[in-house]
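Engineer: File input33.pdb follows (PDB, C-alpha atoms):
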ATOM      1  CA  MET F   1     -26.959  88.853  29.637
ATOM      2  CA  LYS F   2     -28.716  88.791  32.979
ATOM      3  CA  GLY F   3     -32.123  90.032  34.094
ATOM      4  CA  LEU F   4     -35.091  89.854  36.458
ATOM      5  CA  ILE F   5     -38.839  90.287  36.502
ATOM      6  CA  GLY F   6     -39.976  93.291  38.511
ATOM      7  CA  LYS F   7     -42.942  95.452  39.422
ATOM      8  CA  LYS F   8     -43.011  99.247  39.175
ATOM      9  CA  LEU F   9     -43.968 100.764  42.533
ATOM     10  CA  GLY F  10     -43.829 104.449  41.614
ATOM     11  CA  MET F  11     -41.569 107.455  41.189
ATOM     12  CA  THR F  12     -39.173 109.049  43.656
ATOM     13  CA  SER F  13     -36.040 111.185  43.657
ATOM     14  CA  VAL F  14     -32.591 110.856  45.204
ATOM     15  CA  PHE F  15     -29.791 113.335  45.750
ATOM     16  CA  THR F  16     -26.331 112.819  44.277
ATOM     17  CA  GLU F  17     -23.088 113.595  46.088
ATOM     18  CA  GLU F  18     -23.059 116.948  44.287
ATOM     19  CA  GLY F  19     -26.480 117.789  45.729
ATOM     20  CA  ASN F  20     -28.426 117.359  42.498
ATOM     21  CA  SER F  21     -31.905 115.794  42.590
ATOM     22  CA  VAL F  22     -32.344 112.853  40.203
ATOM     23  CA  SER F  23     -35.797 111.498  39.357
ATOM     24  CA  CYS F  24     -35.946 107.696  39.561
ATOM     25  CA  THR F  25     -38.352 104.853  39.077
ATOM     26  CA  LEU F  26     -38.709 102.502  42.046
ATOM     27  CA  ILE F  27     -38.989  98.855  40.967
ATOM     28  CA  GLU F  28     -39.479  95.782  43.129
ATOM     29  CA  ALA F  29     -37.260  93.268  41.318
ATOM     30  CA  GLY F  30     -37.469  89.713  42.562
ATOM     31  CA  PRO F  31     -37.007  87.451  44.271
ATOM     32  CA  CYS F  32     -37.495  85.350  41.142
ATOM     33  CA  TYR F  33     -37.593  81.547  41.129
ATOM     34  CA  VAL F  34     -35.982  79.484  38.395
ATOM     35  CA  ALA F  35     -38.879  77.557  36.846
ATOM     36  CA  ALA F  36     -36.998  75.980  33.932
ATOM     37  CA  VAL F  37     -33.508  75.855  32.423
ATOM     38  CA  LYS F  38     -33.234  75.282  28.669
ATOM     39  CA  THR F  39     -30.055  74.200  26.935
ATOM     40  CA  LYS F  40     -28.908  74.022  23.329
ATOM     41  CA  GLU F  41     -28.595  70.239  23.551
ATOM     42  CA  SER F  42     -32.186  69.593  24.658
ATOM     43  CA  ASP F  43     -34.123  72.651  23.408
ATOM     44  CA  GLY F  44     -31.989  74.125  20.650
ATOM     45  CA  TYR F  45     -31.239  77.350  22.562
ATOM     46  CA  SER F  46     -30.032  78.501  25.966
ATOM     47  CA  ALA F  47     -32.487  80.264  28.298
ATOM     48  CA  VAL F  48     -33.734  80.515  31.874
ATOM     49  CA  LYS F  49     -37.434  80.823  32.734
ATOM     50  CA  PHE F  50     -38.170  82.904  35.829
ATOM     51  CA  ALA F  51     -41.367  83.047  37.905
ATOM     52  CA  PHE F  52     -42.380  85.984  40.080
ATOM     53  CA  THR F  53     -45.143  86.998  42.540
ATOM     54  CA  GLU F  54     -46.929  84.391  44.630
ATOM     55  CA  ALA F  55     -50.646  84.016  43.872
ATOM     56  CA  LYS F  56     -53.708  82.022  44.858
ATOM     57  CA  GLU F  57     -54.454  78.848  42.929
ATOM     58  CA  LYS F  58     -57.706  80.268  41.557
ATOM     59  CA  HIS F  59     -55.714  82.933  39.697
ATOM     60  CA  VAL F  60     -53.367  80.485  37.945
ATOM     61  CA  ALA F  61     -54.088  77.938  35.216
ATOM     62  CA  ARG F  62     -54.288  74.300  36.335
ATOM     63  CA  PRO F  63     -51.438  73.038  34.101
ATOM     64  CA  GLN F  64     -49.130  75.655  35.610
ATOM     65  CA  ILE F  65     -50.213  74.729  39.143
ATOM     66  CA  LYS F  66     -49.371  71.070  38.475
ATOM     67  CA  ASP F  67     -45.998  72.102  37.056
ATOM     68  CA  PHE F  68     -45.182  74.255  40.097
ATOM     69  CA  LYS F  69     -46.147  71.493  42.537
ATOM     70  CA  LYS F  70     -44.119  68.955  40.572
ATOM     71  CA  LYS F  71     -41.055  71.213  40.891
ATOM     72  CA  ASN F  72     -41.742  72.006  44.585
ATOM     73  CA  LEU F  73     -42.225  75.696  43.826
ATOM     74  CA  PRO F  74     -44.829  78.072  45.285
ATOM     75  CA  ILE F  75     -47.748  79.058  43.064
ATOM     76  CA  LEU F  76     -46.436  81.997  41.058
ATOM     77  CA  LYS F  77     -48.307  84.352  38.765
ATOM     78  CA  HIS F  78     -45.819  85.823  36.262
ATOM     79  CA  MET F  79     -43.289  83.936  34.158
ATOM     80  CA  LYS F  80     -40.728  85.176  31.669
ATOM     81  CA  GLU F  81     -37.953  83.527  29.707
ATOM     82  CA  ILE F  82     -34.581  85.252  29.249
ATOM     83  CA  ARG F  83     -32.267  83.856  26.593
ATOM     84  CA  ASP F  84     -28.488  83.536  26.856
ATOM     85  CA  PHE F  85     -28.549  84.147  30.597
ATOM     86  CA  ASP F  86     -25.090  84.419  32.184
ATOM     87  CA  GLY F  87     -24.366  81.388  34.351
ATOM     88  CA  ALA F  88     -27.398  79.423  33.143
ATOM     89  CA  GLU F  89     -25.364  76.199  33.121
ATOM     90  CA  GLU F  90     -24.913  76.373  36.892
ATOM     91  CA  MET F  91     -28.583  77.085  37.671
ATOM     92  CA  LYS F  92     -31.129  74.516  38.684
ATOM     93  CA  ILE F  93     -34.896  74.545  39.127
ATOM     94  CA  GLY F  94     -35.912  76.140  42.420
ATOM     95  CA  ASP F  95     -32.970  78.541  42.678
ATOM     96  CA  THR F  96     -33.790  82.076  43.810
ATOM     97  CA  ILE F  97     -32.396  85.121  42.014
ATOM     98  CA  LYS F  98     -32.517  88.436  43.872
ATOM     99  CA  VAL F  99     -31.978  92.095  43.065
ATOM    100  CA  ASP F 100     -28.314  91.944  44.102
ATOM    101  CA  LEU F 101     -27.800  90.585  40.602
ATOM    102  CA  PHE F 102     -27.397  94.281  39.681
ATOM    103  CA  LYS F 103     -25.130  96.930  41.138
ATOM    104  CA  GLU F 104     -25.025 100.718  41.109
ATOM    105  CA  GLY F 105     -23.814 102.139  37.811
ATOM    106  CA  ASP F 106     -25.034  99.248  35.640
ATOM    107  CA  VAL F 107     -26.616 100.177  32.315
ATOM    108  CA  VAL F 108     -29.815  98.216  31.676
ATOM    109  CA  LYS F 109     -32.791  98.076  29.357
ATOM    110  CA  VAL F 110     -36.327  97.841  30.712
ATOM    111  CA  THR F 111     -39.320  96.295  28.945
ATOM    112  CA  GLY F 112     -42.809  97.138  30.164
ATOM    113  CA  VAL F 113     -46.408  97.740  29.146
ATOM    114  CA  THR F 114     -47.674 101.307  28.840
ATOM    115  CA  LYS F 115     -50.846 102.375  30.606
ATOM    116  CA  GLY F 116     -54.007 101.525  28.687
ATOM    117  CA  LYS F 117     -56.119 104.605  27.893
ATOM    118  CA  GLY F 118     -59.050 103.029  26.066
ATOM    119  CA  PHE F 119     -60.608 104.478  22.908
ATOM    120  CA  GLN F 120     -59.118 107.914  22.186
ATOM    121  CA  GLY F 121     -59.474 110.510  19.446
ATOM    122  CA  VAL F 122     -56.755 111.624  17.046
ATOM    123  CA  VAL F 123     -55.776 114.695  19.095
ATOM    124  CA  LYS F 124     -54.811 112.671  22.170
ATOM    125  CA  ARG F 125     -53.704 109.534  20.331
ATOM    126  CA  HIS F 126     -51.584 111.093  17.573
ATOM    127  CA  GLY F 127     -51.226 114.738  18.540
ATOM    128  CA  PHE F 128     -53.357 116.185  15.747
ATOM    129  CA  GLY F 129     -53.935 119.922  15.863
ATOM    130  CA  GLY F 130     -57.634 119.754  15.062
ATOM    131  CA  GLY F 131     -59.610 122.090  12.814
ATOM    132  CA  SER F 132     -60.337 125.772  12.975
ATOM    133  CA  ALA F 133     -63.032 127.072  15.302
ATOM    134  CA  THR F 134     -63.895 129.921  12.917
ATOM    135  CA  HIS F 135     -65.845 130.157   9.638
ATOM    136  CA  GLY F 136     -68.747 128.116  10.922
ATOM    137  CA  GLN F 137     -66.666 125.109  12.047
ATOM    138  CA  SER F 138     -67.364 125.182  15.753
ATOM    139  CA  ASP F 139     -67.808 121.376  15.818
ATOM    140  CA  ARG F 140     -64.519 120.456  14.057
ATOM    141  CA  MET F 141     -61.971 121.420  16.711
ATOM    142  CA  ARG F 142     -60.924 117.824  17.496
ATOM    143  CA  ALA F 143     -61.923 116.148  14.231
ATOM    144  CA  PRO F 144     -59.367 114.186  12.129
ATOM    145  CA  GLY F 145     -60.242 115.806   8.799
ATOM    146  CA  SER F 146     -59.976 114.019   5.464
ATOM    147  CA  ILE F 147     -58.782 110.401   5.543
ATOM    148  CA  GLY F 148     -58.141 109.941   1.807
ATOM    149  CA  ALA F 149     -58.851 111.023  -1.752
ATOM    150  CA  SER F 150     -62.098 110.330  -3.604
ATOM    151  CA  SER F 151     -61.835 108.797  -7.084
ATOM    152  CA  TYR F 152     -58.250 107.636  -6.618
ATOM    153  CA  PRO F 153     -57.231 105.515  -4.789
ATOM    154  CA  SER F 154     -60.864 105.116  -3.643
ATOM    155  CA  ARG F 155     -59.759 103.545  -0.392
ATOM    156  CA  VAL F 156     -58.077 104.369   2.900
ATOM    157  CA  PHE F 157     -54.402 103.442   3.073
ATOM    158  CA  LYS F 158     -53.308 100.938   5.705
ATOM    159  CA  GLY F 159     -51.762 102.582   8.729
ATOM    160  CA  GLN F 160     -53.815 105.755   8.413
ATOM    161  CA  ARG F 161     -53.715 107.559  11.758
ATOM    162  CA  MET F 162     -57.241 107.563  13.124
ATOM    163  CA  ALA F 163     -59.090 107.306  16.429
ATOM    164  CA  GLY F 164     -58.826 103.999  18.260
ATOM    165  CA  ARG F 165     -57.559 102.141  21.273
ATOM    166  CA  ASP F 166     -54.551 103.828  22.827
ATOM    167  CA  GLY F 167     -51.890 102.539  25.226
ATOM    168  CA  GLY F 168     -51.262  98.997  26.392
ATOM    169  CA  ASP F 169     -48.195  98.679  24.147
ATOM    170  CA  ARG F 170     -45.044  96.729  24.901
ATOM    171  CA  VAL F 171     -42.177  99.231  25.079
ATOM    172  CA  THR F 172     -38.438  98.743  25.622
ATOM    173  CA  ILE F 173     -36.248 101.601  26.839
ATOM    174  CA  ARG F 174     -32.467 101.191  26.611
ATOM    175  CA  ASN F 175     -29.402 102.750  28.224
ATOM    176  CA  LEU F 176     -30.891 103.309  31.683
ATOM    177  CA  LYS F 177     -28.598 103.735  34.667
ATOM    178  CA  VAL F 178     -29.062 101.895  37.952
ATOM    179  CA  VAL F 179     -28.916 104.604  40.623
ATOM    180  CA  LYS F 180     -29.290 102.465  43.730
ATOM    181  CA  VAL F 181     -29.897  98.860  44.766
ATOM    182  CA  ILE F 182     -31.554  97.979  48.107
ATOM    183  CA  PRO F 183     -31.125  94.180  48.542
ATOM    184  CA  ASP F 184     -32.942  94.003  51.917
ATOM    185  CA  SER F 185     -36.200  95.220  50.304
ATOM    186  CA  ASN F 186     -35.620  93.801  46.795
ATOM    187  CA  LEU F 187     -35.756  97.330  45.393
ATOM    188  CA  ILE F 188     -33.877  98.928  42.525
ATOM    189  CA  LEU F 189     -33.885 102.606  41.542
ATOM    190  CA  ILE F 190     -33.481 103.376  37.850
ATOM    191  CA  LYS F 191     -32.846 106.866  36.526
ATOM    192  CA  ARG F 192     -35.685 108.615  34.664
ATOM    193  CA  CYS F 193     -39.360 107.744  34.301
ATOM    194  CA  ARG F 194     -40.377 104.329  33.023
ATOM    195  CA  THR F 195     -43.489 103.564  31.000
ATOM    196  CA  GLY F 196     -46.615 102.077  32.529
ATOM    197  CA  SER F 197     -47.232 100.514  35.891
ATOM    198  CA  ASN F 198     -47.376  96.818  34.984
ATOM    199  CA  PHE F 199     -44.872  94.021  35.459
ATOM    200  CA  ARG F 200     -41.685  94.355  33.509
ATOM    201  CA  ASN F 201     -38.340  92.757  32.748
ATOM    202  CA  CYS F 202     -35.114  94.424  33.786
ATOM    203  CA  ARG F 203     -32.008  93.144  32.083
ATOM    204  CA  ASN F 204     -28.448  94.165  31.293
ATOM    205  CA  LEU F 205     -27.460  95.208  27.790
TER     206      LEU F 205
END
I'd like the structure from this file rewritten - as structure tokens, please.
Structural biologist:
Amino acid sequence: MKGLIGKKLGMTSVFTEEGNSVSCTLIEAGPCYVAAVKTKESDGYSAVKFAFTEAKEKHVARPQIKDFKKKNLPILKHMKEIRDFDGAEEMKIGDTIKVDLFKEGDVVKVTGVTKGKGFQGVVKRHGFGGGSATHGQSDRMRAPGSIGASSYPSRVFKGQRMAGRDGGDRVTIRNLKVVKVIPDSNLILIKRCRTGSNFRNCRNL
């Protein structure tokens, strides 16, 4: 397995050789710095920890700042560990991994955070149809309705779909095709729309 940390920049479209328009997500992937290399002998498992996006010291915790300075790395904001990384044995702290890790035609999975929408009702959050606007129920059009029986079970079951905070979930989408890689700008175009606009991991299946 191999992967990178990236940032979603937005949506665009490209034309294929046949003249078809394909919607793509534009992601700035890397350059990522190797912040730590873990091995089965010392840590019990094999993994590589990457760091991405330079930041000011006031935006990073002091223990992390000390760790970056100790390793002669710039102050970086986002870190992510990828297990069983291909070629981890040959990597050392301070190495830079760029978007040319991927090539056109690769099939990847992308993990990201969906957009937070705050407190939402059941119609927007779960797709409820709402109540009827007739027969004197003009104020029940977006109401959830009954949430449980009365005498039995005399409680609301766990997991009952109700109003609440929506979005901000960690989502993984698999089987996505890499349409184009632009190494000079650290950009990668992935077919179809990706969730959210926050930082994400992009890795091979």
Engineer: I need the residue set behind the PyMOL selection byres ((chain F and resi 123-133) around 10) for this file; please write it as a list of chain:residue names.
Structural biologist: F:Lys117, F:Phe119, F:Gln120, F:Gly121, F:Val122, F:Thr134, F:His135, F:Gly136, F:Gln137, F:Ser138, F:Asp139, F:Arg140, F:Met141, F:Arg142, F:Ala143, F:Pro144, F:Gly145, F:Arg161, F:Met162, F:Ala163, F:Gly164, F:Arg165, F:Asp166, F:Gly167
Engineer: In Å, with one decimal, what is the gap from atom CA of F:Gly30 to atom CA of F:Glu17?
Structural biologist: 28.1 Å
Engineer: How far is it from atom CA of F:Lys92 to atom CA of F:Asn186, in Å with one decimal?
Structural biologist: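 That distance, rounded to one decimal, is 21.4 Å.
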Engineer: Please determine an axis-aligned box that encloses all atoms of stretch 82-85 of chain F listed in the file, with 6 Å added on each side, and express its centre and edge lengths in Å to one decimal as lines of an AutoDock Vina configuration file.
Structural biologist:
center_x = -31.5
center_y = 84.4
center_z = 28.6
size_x = 18.1
size_y = 13.7
size_z = 16.0
Engineer: Go ahead and find all residues with at least one atom no further than 10 Å from (-32.0, 110.9, 46.6) in the file's coordinates, using only C-alpha atoms; report them as JSON, numbers by chain.
Structural biologist: {"F": [12, 13, 14, 15, 16, 17, 19, 20, 21, 22, 23, 24, 179, 180, 189]}
Engineer: Just to be explicit: take each residue in the selection above, keep C-alpha atoms, and write the result as a PDB file, keeping the file's coordinate frame.
Structural biologist:
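Contents of the output file part37.pdb:
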ATOM      1  CA  THR F  12     -39.173 109.049  43.656  1.00  0.00           C
ATOM      2  CA  SER F  13     -36.040 111.185  43.657  1.00  0.00           C
ATOM      3  CA  VAL F  14     -32.591 110.856  45.204  1.00  0.00           C
ATOM      4  CA  PHE F  15     -29.791 113.335  45.750  1.00  0.00           C
ATOM      5  CA  THR F  16     -26.331 112.819  44.277  1.00  0.00           C
ATOM      6  CA  GLU F  17     -23.088 113.595  46.088  1.00  0.00           C
ATOM      7  CA  GLY F  19     -26.480 117.789  45.729  1.00  0.00           C
ATOM      8  CA  ASN F  20     -28.426 117.359  42.498  1.00  0.00           C
ATOM      9  CA  SER F  21     -31.905 115.794  42.590  1.00  0.00           C
ATOM     10  CA  VAL F  22     -32.344 112.853  40.203  1.00  0.00           C
ATOM     11  CA  SER F  23     -35.797 111.498  39.357  1.00  0.00           C
ATOM     12  CA  CYS F  24     -35.946 107.696  39.561  1.00  0.00           C
ATOM     13  CA  VAL F 179     -28.916 104.604  40.623  1.00  0.00           C
ATOM     14  CA  LYS F 180     -29.290 102.465  43.730  1.00  0.00           C
ATOM     15  CA  LEU F 189     -33.885 102.606  41.542  1.00  0.00           C
TER      16      LEU F 189
END
